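Novice: First the structure, then my questions, so here it is.
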Amino acid sequence: MKKVLGKIVVTALSLVALSQSANASGGAGFYAVPKAVVIMGDTIMHGAYELDGDTGVGIGVDLGYAFTKNYAVELALTHVEADVTEDDLHGHVVKGDAEYTTYGVMGVYSRTITGHLRGLVKLGYAWEYEKITDVHHPFKTTLSGIAYAAGLEYGISDNMEVVFEYEGAEVVSSRGDSLMLGLKYKF
């Protein structure tokens, strides 16, 4: 995790250095969105076992580039931990731990609703690294699929916005969908 966070910091500092020329292009420029993440959990079948993911919390960051006021592209990273229950459907139930690290690339469309309030939708592709431990059949796997999100942005200054998002994906895991609250900083 330290290596990943180090890469995020280096990338963010690089984006800041490059953003000075991008700001002159009418709404275009780099931005970063550190965020809190809450997953809702989901129940899935993993082989002959039922996995029931609980609600969990974590952190994330989106690093993006806005081409115009309405269109952008983002790189996203989240890391969430939660409890998971493994059931063999014969009365043997075990509680375990789950870690979900997700990477994604998203296209973003946003539009002003009124005043400082903007709506947004995202569509892209995500890769999820899932690690389930402390159960009878622990495993690690990487899953991938289409990801999507919808949300709201509220401008609190010229270069800062509060962002709320609901995110889902076509990835079948015990992670489930996510709610995210972040602070967008435009460079």
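Order determines the names: the first chain of the structure tokens is A, the second B, and so forth; residues in each chain are numbered 1 upward, and ligands are numbered 1 upward as they are shown.
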Applying 6 Å and only C-alpha atoms, which residues near stretch 61-74 of chain A remain after dropping the ones on its own chain fewer than 2 positions away? List them as a VMD selection string.

Specialist: chain A and resid 27 to 35 76 to 77 105 to 111

Novice: Could you save those same residues with C-alpha atoms as a short mmCIF file (atom, residue, chain, number, x, y, z; two decimals), in the first residue's frame?

Specialist:
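Saved file again-v7.cif follows:
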data_model
loop_
_atom_site.label_atom_id
_atom_site.label_comp_id
_atom_site.auth_asym_id
_atom_site.auth_seq_id
_atom_site.Cartn_x
_atom_site.Cartn_y
_atom_site.Cartn_z
CA GLY A 27 -12.29 25.09 -18.13
CA ALA A 28 -9.61 22.60 -19.06
CA GLY A 29 -7.08 21.36 -16.53
CA PHE A 30 -6.02 18.73 -14.06
CA TYR A 31 -7.82 17.89 -10.83
CA ALA A 32 -7.63 15.50 -7.89
CA VAL A 33 -10.45 14.15 -5.71
CA PRO A 34 -9.43 12.51 -2.42
CA LYS A 35 -12.50 10.72 -1.07
CA ALA A 76 -9.42 6.13 -10.02
CA LEU A 77 -8.07 4.12 -7.09
CA VAL A 105 -10.36 4.53 -16.04
CA MET A 106 -13.53 6.61 -16.42
CA GLY A 107 -14.94 9.03 -18.95
CA VAL A 108 -16.85 11.83 -17.20
CA TYR A 109 -19.71 14.05 -18.36
CA SER A 110 -20.92 16.83 -16.06
CA ARG A 111 -23.49 19.57 -16.53
#

Novice: What is the atom CA of A:Leu143-atom CA of A:Thr43 distance in Å, reported with one decimal?

Specialist: 16.0 Å

Novice: With a cut-off of 6 Å, could you pull out the residues of stretch 27-75 of chain A touching stretch 79-91 of chain A and give me the nearest pair of atoms for each, distance in Å to one decimal, using only C-alpha atoms, ordered by chain and ascending number, as a Markdown table?

Specialist:
| residue | atom | partner | partner_atom | distance |
| --- | --- | --- | --- | --- |
| A:Tyr49 | CA | A:Asp88 | CA | 4.7 |
| A:Glu50 | CA | A:Asp87 | CA | 5.1 |
| A:Leu51 | CA | A:Glu86 | CA | 4.8 |
| A:Asp52 | CA | A:Thr85 | CA | 5.0 |
| A:Gly53 | CA | A:Val84 | CA | 4.4 |
| A:Asp54 | CA | A:Asp83 | CA | 5.4 |
| A:Gly56 | CA | A:Ala82 | CA | 4.3 |
| A:Val57 | CA | A:Val80 | CA | 5.5 |
| A:Gly58 | CA | A:Val80 | CA | 4.1 |
| A:Ile59 | CA | A:His79 | CA | 5.7 |

Novice: Any idea what the distance is between atom CA of A:Met160 and atom CA of A:Gly115?

Specialist: 14.5 Å

Novice: Nearest to A:Tyr185 among A:Gly47, A:Gly155, A:Gly168, A:Gly60, with distances taken over only C-alpha atoms: which residue is it?

Specialist: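 Using only C-alpha atoms, A:Tyr185 sits closest to A:Gly155.
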